[in-house]
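Next comes data.txt, with compact mmCIF, C-alpha atoms.
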# COMPACT_ATOMS: atom_id res chain seq x y z
CA MET A 1 10.01 41.80 -22.85
CA ILE A 2 7.48 41.25 -20.09
CA SER A 3 3.72 40.91 -20.09
CA LEU A 4 1.16 40.43 -17.35
CA ARG A 5 -2.34 39.11 -17.92
CA PHE A 6 -4.99 39.31 -15.22
CA TYR A 7 -8.16 37.29 -15.81
CA ARG A 8 -11.58 37.11 -14.25
CA ILE A 9 -14.05 34.67 -15.74
CA TYR A 10 -17.80 34.90 -15.20
CA ASP A 11 -20.90 32.90 -16.15
CA ILE A 12 -24.07 34.31 -17.71
CA GLY A 13 -26.23 31.25 -17.00
CA ARG A 14 -27.09 30.47 -20.62
CA GLU A 15 -25.44 29.38 -23.83
CA ILE A 16 -24.45 31.96 -26.46
CA ASN A 17 -24.95 31.82 -30.22
CA LEU A 18 -21.50 33.16 -31.12
CA ASP A 19 -22.08 33.30 -34.88
CA GLN A 20 -25.12 35.53 -34.51
CA LEU A 21 -23.47 37.62 -31.81
CA GLU A 22 -20.37 38.12 -33.94
CA ARG A 23 -22.43 39.40 -36.86
CA GLU A 24 -24.28 41.87 -34.65
CA LEU A 25 -21.27 43.16 -32.69
CA ALA A 26 -18.97 43.45 -35.73
CA ARG A 27 -21.00 46.46 -36.90
CA SER A 28 -19.74 48.56 -33.99
CA TYR A 29 -16.78 46.77 -32.38
CA PHE A 30 -13.57 45.00 -33.31
CA THR A 31 -14.18 41.27 -32.96
CA ALA A 32 -12.20 38.14 -33.80
CA ARG A 33 -12.25 34.40 -33.16
CA ALA A 34 -9.56 32.59 -31.18
CA SER A 35 -7.07 30.60 -33.25
CA PHE A 36 -3.89 28.72 -32.45
CA LEU A 37 -0.86 30.09 -34.28
CA ARG A 38 2.06 27.72 -33.75
CA VAL A 39 0.54 24.27 -33.99
CA ASN A 40 -1.10 22.14 -36.62
CA PRO A 41 -4.83 23.02 -36.64
CA LYS A 42 -5.62 19.35 -36.10
CA SER A 43 -3.52 19.27 -32.92
CA ILE A 44 -5.93 21.45 -30.94
CA MET A 45 -9.62 21.30 -31.75
CA MET A 46 -12.42 23.60 -30.61
CA GLU A 47 -15.90 23.08 -31.93
CA ASP A 48 -16.82 26.75 -31.49
CA PRO A 49 -13.84 29.06 -30.80
CA PRO A 50 -14.54 31.95 -28.40
CA LEU A 51 -15.38 35.40 -29.73
CA MET A 52 -12.93 38.15 -28.78
CA LEU A 53 -14.14 41.69 -28.18
CA LYS A 54 -11.55 44.44 -27.79
CA MET A 55 -12.53 47.11 -25.25
CA HIS A 56 -11.00 50.51 -24.58
CA GLU A 57 -7.64 50.67 -22.82
CA VAL A 58 -7.20 51.77 -19.23
CA SER A 59 -4.36 53.31 -17.23
CA VAL A 60 -3.72 51.89 -13.77
CA GLU A 61 -1.51 53.75 -11.31
CA ARG A 62 0.58 51.83 -8.81
CA GLN A 63 3.08 53.53 -6.51
CA GLY A 64 3.15 56.62 -8.70
CA ILE A 65 3.71 54.74 -11.95
CA SER A 66 1.05 54.49 -14.68
CA TYR A 67 0.58 51.17 -16.42
CA ASN A 68 -1.40 51.27 -19.66
CA MET A 69 -3.41 48.08 -20.09
CA SER A 70 -5.35 46.62 -22.96
CA VAL A 71 -8.70 45.08 -22.03
CA ILE A 72 -9.95 42.03 -23.89
CA ALA A 73 -13.22 40.18 -23.42
CA ARG A 74 -13.79 36.66 -24.71
CA LEU A 75 -17.22 35.10 -25.02
CA TYR A 76 -17.66 31.32 -24.93
CA ASP A 77 -20.63 29.47 -26.37
CA ILE A 78 -21.09 27.52 -23.11
CA GLY A 79 -22.07 30.79 -21.41
CA ALA A 80 -18.76 32.05 -20.01
CA ILE A 81 -17.18 35.48 -20.28
CA SER A 82 -13.46 36.08 -19.77
CA LEU A 83 -12.18 39.57 -18.98
CA CYS A 84 -8.43 40.12 -19.29
CA PHE A 85 -6.33 43.16 -18.35
CA LEU A 86 -3.09 42.95 -20.34
CA TYR A 87 0.08 44.92 -19.63
CA GLU A 88 3.00 44.57 -22.05
CA ASP A 89 6.40 46.23 -22.21
CA HIS A 90 8.50 44.99 -25.13
CA GLU A 91 11.55 46.97 -24.01
CA ALA A 92 11.56 46.02 -20.34
CA PRO A 93 14.21 43.54 -19.13
CA SER A 94 13.09 40.30 -17.49
CA SER A 95 14.57 41.48 -14.20
CA VAL A 96 11.71 43.98 -13.65
CA LEU A 97 9.01 41.31 -13.96
CA GLU A 98 9.09 40.35 -10.30
CA ASP A 99 8.67 43.88 -8.95
CA THR A 100 5.89 44.61 -11.45
CA VAL A 101 3.99 41.45 -10.57
CA LEU A 102 4.13 42.21 -6.84
CA LEU A 103 2.49 45.59 -7.47
CA PHE A 104 -0.61 43.74 -8.72
CA SER A 105 -0.48 40.76 -6.37
CA GLY A 106 -3.98 39.42 -5.78
CA HIS A 107 -5.28 41.72 -8.54
CA GLU A 108 -4.48 44.67 -6.31
CA GLY A 109 -5.84 47.85 -7.87
CA LEU A 110 -7.89 45.98 -10.47
CA SER A 111 -11.01 44.73 -8.65
CA GLU A 112 -12.97 47.94 -9.12
CA LEU A 113 -11.95 48.10 -12.78
CA PHE A 114 -13.14 44.55 -13.34
CA GLY A 115 -16.53 45.59 -11.97
CA ILE A 116 -16.69 48.65 -14.23
CA TYR A 117 -15.72 46.76 -17.36
CA LEU A 118 -18.06 43.89 -16.55
CA LYS A 119 -20.92 46.37 -16.27
CA ASN A 120 -19.91 47.97 -19.59
CA LEU A 121 -19.75 44.56 -21.21
CA GLY A 122 -23.22 43.76 -19.90
CA GLU A 123 -24.53 46.94 -21.51
CA ILE A 124 -22.90 45.96 -24.81
CA LEU A 125 -24.25 42.42 -24.77
CA GLY A 126 -27.66 43.14 -23.22
CA PRO A 127 -29.43 44.03 -26.51
CA HIS A 128 -28.08 40.88 -28.18
CA ILE A 129 -28.46 38.20 -25.47
CA GLN A 130 -31.93 37.70 -24.05
CA ASN A 131 -32.28 37.77 -20.26
CA LEU A 132 -28.56 38.40 -19.78
CA SER A 133 -27.57 38.02 -16.14
CA ILE A 134 -24.00 38.22 -14.82
CA GLU A 135 -23.21 37.67 -11.15
CA PRO A 136 -20.20 39.94 -10.48
CA ASP A 137 -19.18 38.25 -7.22
CA PHE A 138 -18.93 34.74 -8.65
CA PHE A 139 -15.84 34.34 -10.81
CA GLU A 140 -12.62 32.44 -11.42
CA ASP A 141 -9.47 34.56 -11.39
CA TYR A 142 -6.08 33.74 -12.84
CA SER A 143 -2.84 35.56 -13.71
CA ILE A 144 -0.25 34.73 -16.36
CA TYR A 145 3.22 36.30 -16.36
CA VAL A 146 5.38 36.13 -19.48
CA THR A 147 8.98 36.99 -20.26
CA ASP A 148 11.09 36.23 -23.32
CA ARG A 149 13.95 34.51 -21.52
CA ILE A 150 14.78 32.41 -18.49
CA ASP A 151 16.31 34.92 -16.08
CA GLN A 152 18.00 33.78 -12.88
CA SER A 153 16.98 37.06 -11.23
CA ILE A 154 13.37 35.90 -11.34
CA ASP A 155 12.24 33.85 -8.35
CA PRO A 156 9.26 31.74 -9.49
CA ALA A 157 8.18 31.14 -5.90
CA VAL A 158 7.86 34.89 -5.29
CA LEU A 159 5.98 35.45 -8.56
CA LEU A 160 3.51 32.63 -8.13
CA SER A 161 2.87 33.19 -4.42
CA GLY A 162 2.68 36.99 -4.74
CA GLU A 163 4.96 37.66 -1.78
CA ARG A 164 8.62 37.94 -0.88
CA THR A 165 9.55 35.76 2.06
CA GLN A 166 12.01 33.07 3.10
CA PHE A 167 10.25 30.01 1.73
CA SER A 168 11.08 26.64 3.21
CA SER A 169 12.50 24.09 0.79
CA GLN A 170 9.27 22.09 1.02
CA MET A 171 7.10 25.12 0.23
CA ARG A 172 9.35 26.21 -2.62
CA GLU A 173 9.23 22.72 -4.07
CA GLU A 174 5.44 22.68 -3.79
CA ILE A 175 5.06 26.05 -5.56
CA VAL A 176 7.23 25.07 -8.55
CA ARG A 177 6.16 21.42 -8.63
CA ASN A 178 4.29 21.74 -11.93
CA THR A 179 7.15 22.82 -14.19
CA LEU A 180 7.26 21.93 -17.88
CA SER A 181 9.71 22.65 -20.72
CA TYR A 182 9.76 21.98 -24.44
CA THR A 183 13.33 23.16 -25.12
CA THR A 184 16.26 24.25 -22.97
CA GLU A 185 15.27 27.89 -23.60
CA ASP A 186 11.68 27.84 -22.37
CA ILE A 187 9.86 26.96 -19.18
CA ALA A 188 6.25 26.96 -17.99
CA ILE A 189 5.46 26.85 -14.27
CA LEU A 190 1.79 26.52 -13.33
CA SER A 191 0.16 27.02 -9.95
CA TYR A 192 -3.41 27.16 -8.69
CA ASP A 193 -4.05 30.81 -9.54
CA SER A 194 -1.08 31.94 -11.66
CA ALA A 195 1.49 30.81 -14.21
CA LEU A 196 4.96 31.89 -15.31
CA LEU A 197 5.93 31.43 -18.95
CA CYS A 198 9.51 32.10 -20.05
CA ASN A 199 9.75 31.71 -23.81
CA PRO A 200 11.80 33.43 -26.54
CA GLU A 201 8.70 33.30 -28.74
CA ASN A 202 5.41 34.83 -27.63
CA PRO A 203 3.59 31.75 -26.21
CA THR A 204 0.10 32.85 -27.22
CA ASP A 205 -1.12 29.29 -27.69
CA LEU A 206 -0.06 28.27 -24.19
CA ILE A 207 -1.71 31.40 -22.79
CA ASP A 208 -4.96 30.49 -24.53
CA LEU A 209 -4.81 26.90 -23.27
CA ILE A 210 -4.45 28.09 -19.68
CA GLU A 211 -7.35 30.51 -20.13
CA PHE A 212 -9.54 27.76 -21.56
CA ALA A 213 -8.73 25.55 -18.56
CA SER A 214 -9.80 28.39 -16.24
CA VAL A 215 -13.08 28.69 -18.14
CA GLN A 216 -13.75 24.99 -17.70
CA VAL A 217 -13.13 25.18 -13.96
CA LEU A 218 -15.42 28.21 -13.60
CA GLU A 219 -18.21 26.43 -15.44
CA LEU A 220 -17.84 23.28 -13.33
CA ARG A 221 -17.96 25.43 -10.18
CA TYR A 222 -21.05 27.20 -11.51
CA TYR A 223 -22.94 23.98 -12.22
CA ASP A 224 -21.81 22.43 -8.96
CA ARG A 225 -23.39 25.37 -7.16
CA MET A 226 -26.53 25.13 -9.32
CA LEU A 227 -26.86 21.44 -8.46
CA ASN A 228 -26.54 22.26 -4.76
CA ARG A 229 -29.55 24.56 -5.07
CA GLN A 230 -31.48 22.04 -7.16
CA MET A 231 -30.86 19.29 -4.63
CA GLU A 232 -32.01 21.49 -1.73
CA LYS A 233 -35.19 22.28 -3.64
CA MET A 234 -35.64 18.61 -4.54
CA TYR A 235 -35.50 17.49 -0.90
CA ASP A 236 -37.85 20.29 0.16
CA ASP A 237 -40.33 19.36 -2.58
CA ILE A 238 -40.24 15.66 -1.67
CA GLU A 239 -40.72 16.45 2.02
CA GLN A 240 -43.67 18.69 1.21
CA ALA A 241 -45.19 16.06 -1.09
CA ASP A 242 -44.89 13.38 1.61
CA ARG A 243 -47.29 15.41 3.81
CA MET A 244 -50.03 15.37 1.13
CA TRP A 245 -52.88 12.91 0.67
CA ARG A 246 -52.00 9.92 -1.48
CA ILE A 247 -53.58 11.06 -4.76
CA ARG A 248 -52.12 14.57 -4.48
CA ARG A 249 -48.80 13.10 -3.40
CA MET A 250 -48.60 10.95 -6.52
CA ARG A 251 -49.39 13.97 -8.71
CA GLN A 252 -46.69 15.98 -6.96
CA TYR A 253 -44.23 13.12 -7.40
CA HIS A 254 -44.87 13.26 -11.14
CA VAL A 255 -44.15 17.01 -11.12
CA ILE A 256 -40.91 16.51 -9.17
CA MET A 257 -39.84 13.68 -11.48
CA ALA A 258 -40.36 15.86 -14.54
CA GLN A 259 -38.25 18.60 -12.96
CA LEU A 260 -35.50 16.13 -12.00
CA MET A 261 -35.36 14.64 -15.48
CA GLU A 262 -35.17 18.12 -17.01
CA THR A 263 -32.33 19.08 -14.65
CA TYR A 264 -30.54 15.77 -15.24
CA ALA A 265 -30.69 16.13 -19.03
CA GLU A 266 -29.72 19.82 -19.03
CA ILE A 267 -26.75 19.52 -16.65
CA SER A 268 -25.49 16.31 -18.25
CA GLU A 269 -25.49 17.95 -21.67
CA ILE A 270 -23.79 21.18 -20.61
CA THR A 271 -21.13 19.47 -18.46
CA GLU A 272 -20.33 17.23 -21.42
CA LYS A 273 -19.77 20.40 -23.46
CA VAL A 274 -17.66 21.93 -20.70
CA ASN A 275 -15.44 18.87 -20.37
CA ASN A 276 -14.99 18.77 -24.14
CA LEU A 277 -14.51 22.51 -24.63
CA ILE A 278 -11.16 21.80 -26.23
CA LYS A 279 -9.30 18.67 -27.33
CA VAL A 280 -5.51 18.55 -27.57
CA THR A 281 -4.64 15.55 -29.70
CA GLU A 282 -1.31 15.40 -31.54
CA ASP A 283 0.91 17.93 -29.74
CA VAL A 284 2.32 16.13 -26.71
CA TYR A 285 3.74 19.22 -25.00
CA TYR A 286 0.56 21.28 -25.36
CA ALA A 287 -1.46 18.32 -24.11
CA ARG A 288 0.76 18.12 -21.01
CA VAL A 289 0.44 21.86 -20.33
CA TYR A 290 -3.33 21.73 -20.71
CA ALA A 291 -3.68 18.63 -18.52
CA THR A 292 -1.40 20.16 -15.88
CA ALA A 293 -3.42 23.40 -15.87
CA LEU A 294 -6.62 21.44 -15.28
CA LYS A 295 -4.92 19.43 -12.53
CA VAL A 296 -3.53 22.38 -10.56
CA MET A 297 -6.86 24.21 -10.85
CA ARG A 298 -8.51 21.10 -9.33
CA SER A 299 -10.81 20.53 -12.29
CA SER A 300 -11.19 16.83 -11.45
CA GLN A 301 -12.52 17.66 -7.99
CA TRP A 302 -15.22 19.95 -9.34
CA SER A 303 -16.04 17.52 -12.14
CA GLY A 304 -16.30 14.66 -9.64
CA SER A 305 -18.57 16.72 -7.40
CA VAL A 306 -20.87 17.54 -10.32
CA ASP A 307 -20.98 13.88 -11.40
CA ARG A 308 -21.85 12.72 -7.87
CA LYS A 309 -24.70 15.21 -7.60
CA ILE A 310 -26.05 14.27 -11.01
CA GLU A 311 -26.01 10.65 -9.86
CA VAL A 312 -27.90 11.56 -6.67
CA ILE A 313 -30.55 13.31 -8.75
CA HIS A 314 -30.83 10.24 -10.96
CA GLU A 315 -31.14 7.98 -7.92
CA ASN A 316 -33.89 10.15 -6.46
CA TYR A 317 -35.70 10.07 -9.79
CA SER A 318 -35.49 6.26 -9.77
CA MET A 319 -36.72 6.16 -6.16
CA LEU A 320 -39.73 8.35 -6.91
CA SER A 321 -40.45 6.40 -10.08
CA GLU A 322 -40.46 3.14 -8.11
CA GLU A 323 -42.72 4.68 -5.46
CA VAL A 324 -45.16 5.84 -8.12
CA ARG A 325 -45.07 2.40 -9.75
CA ILE A 326 -45.82 0.67 -6.42
CA GLN A 327 -48.66 3.05 -5.61
CA HIS A 328 -50.07 2.58 -9.11
CA SER A 329 -49.93 -1.22 -8.67
CA ASN A 330 -51.64 -0.94 -5.29
CA PHE A 331 -54.31 1.25 -6.83
CA LEU A 332 -54.93 -1.28 -9.61
CA GLU A 333 -55.11 -4.12 -7.07
CA TRP A 334 -57.76 -2.23 -5.12
CA VAL A 335 -59.69 -1.57 -8.32
CA VAL A 336 -59.65 -5.29 -9.13
CA ILE A 337 -60.75 -6.18 -5.57
CA ILE A 338 -63.60 -3.66 -5.72
CA LEU A 339 -64.73 -4.91 -9.12
CA ILE A 340 -64.71 -8.51 -7.86
CA ALA A 341 -66.68 -7.46 -4.79
CA ILE A 342 -69.24 -5.65 -6.96
CA GLU A 343 -69.54 -8.68 -9.21
CA CYS A 344 -70.11 -10.92 -6.15
CA ILE A 345 -72.74 -8.59 -4.76
CA LEU A 346 -74.56 -8.41 -8.09
CA GLY A 347 -74.40 -12.20 -8.33
CA LEU A 348 -75.95 -12.60 -4.90
CA LEU A 349 -78.69 -10.09 -5.75
CA ARG A 350 -79.50 -11.94 -8.96
CA ALA A 351 -79.63 -15.24 -7.07
CA GLY A 352 -81.97 -13.74 -4.48
CA HIS A 353 -84.42 -12.67 -7.16
Mind turning this structure into structure tokens?
Amino acid sequence: MISLRFYRIYDIGREINLDQLERELARSYFTARASFLRVNPKSIMMEDPPLMLKMHEVSVERQGISYNMSVIARLYDIGAISLCFLYEDHEAPSSVLEDTVLLFSGHEGLSELFGIYLKNLGEILGPHIQNLSIEPDFFEDYSIYVTDRIDQSIDPAVLLSGERTQFSSQMREEIVRNTLSYTTEDIAILSYDSALLCNPENPTDLIDLIEFASVQVLELRYYDRMLNRQMEKMYDDIEQADRMWRIRRMRQYHVIMAQLMETYAEISEITEKVNNLIKVTEDVYYARVYATALKVMRSSQWSGSVDRKIEVIHENYSMLSEEVRIQHSNFLEWVVIILIAIECILGLLRAGH
């Protein structure tokens, strides 16, 4: 048995009420919620499991051979959409996996189809999600290859790199560095943009964990980019305010501070949700797979970048707040001085009379 899963994950820029969406879509489409099959429910916890929407199948031709693929969309409450093209052949030997994977290396032959299905999905969701906006060119892609046995004819380095070549020992070691096993009959090898799972049982739970890790990375990338734009706007607004007269400048500072606090609160809340999308508690092996997936996808780098930018926004808010406080104190001091001067003048006038 072999199966190939090709993912592209997108962001819609807003959170999704999955319960309401499920009720509305279930009238016309087959929907379901994600669930883990082979572990204790307490071992893996999701506050709001993603909603699955089954779309119509598609046939993809590569080198004169047609491959019939299922297409599955998953919707996440944090505002992410996962599109997956799934090819399965339960009769195929493991030895054909390598050749089949190379036909679709780099999602070859699938990019246009992803665009078509994403547009169709937007038309399906548009009436149910207000102001739906999907940016088709900003996505996270990942591929998962599965076979039911460890086969020596399969070269993991070829599969995960997407090319046949004479790899150096150092490069081969780097490609297969993140290798995990639970028994002597299974193996999971994870790389930056693909994974190989050899397991006598269909490893659906591991597949889901890897997908969820990809969703987290996409969301962190999305909010990192959003913060870049917010910071550029922040600096432009401060520079523009600095050219204004003092009273107008203070008013503009208050406007900027309100915007910064809104951004700080919004991004802090959503990134907390992203980082806690799923919790793997009791199952040690699943926890290792999930942590390794996040590591190889460089989740910590994106998370660190987001945290640093949130901190910069907070520091700028504090700086503006201090500037406003100083200017307010100066203003009050001048008021006191003027009042004292007026009192002195009135006293002198009374004395003169």
* Asked: Nearest to Leu4 in chain A among A:Ser111, A:Gln130, A:Ser143, A:Asn17, with distances taken over all atoms listed in the file: which residue is it?
  -> A:Ser143
* Please identify all polymer residues within 8 Å of Tyr192 in chain A, counting all atoms listed in the file, omitting same-chain residues fewer than 2 positions from it, and present them as a PyMOL selection string. => chain A and resi 190+194+296-298
* Asked: Any idea what the distance is between CA of Thr147 in chain A and CA of Cys84 in chain A?
  -> 17.7 Å
* **Contact residues around Arg62 in chain A with only C-alpha atoms at 10 Å, ignoring same-chain residues under 4 positions, as a VMD selection string** => chain A and resid 66 to 67 100 103 to 104 108 to 109
* Name all residues at most 12 Å from Glu174 in chain A (count all atoms listed in the file; drop same-chain ones fewer than 5 positions away) and give them as a ChimeraX atom specification. => /A:156-157,160-161,167-169,179,189-192,296
* **Nearest to Cys198 in chain A by atom-to-atom distance, counting all atoms listed in the file, from A:Val101, A:Leu227, A:Val306, A:Ile144** => A:Ile144
* Asked: How many Å separate CA of Glu57 in chain A from CA of His128 in chain A?
  -> 23.3 Å
* To do: Give as a PyMOL selection string the set of residues within 12 Å of the point (-8.5, 51.0, -26.9), where distances use the file's coordinates and only C-alpha atoms.
  => chain A and resi 29-30+53-59+68-72+85-86
* To do: Go through A:Ser153, A:Ser214, A:Gln252, A:Asn316 and flag the residue nearest Pro93 in chain A, using all atoms listed in the file for the distances.
  => A:Ser153
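The smallest atom-to-atom distance between Leu180 in chain A and any of A:Ile134, A:Ile207, A:Tyr285, A:Gly347, using all atoms listed in the file, is found for A:Tyr285.
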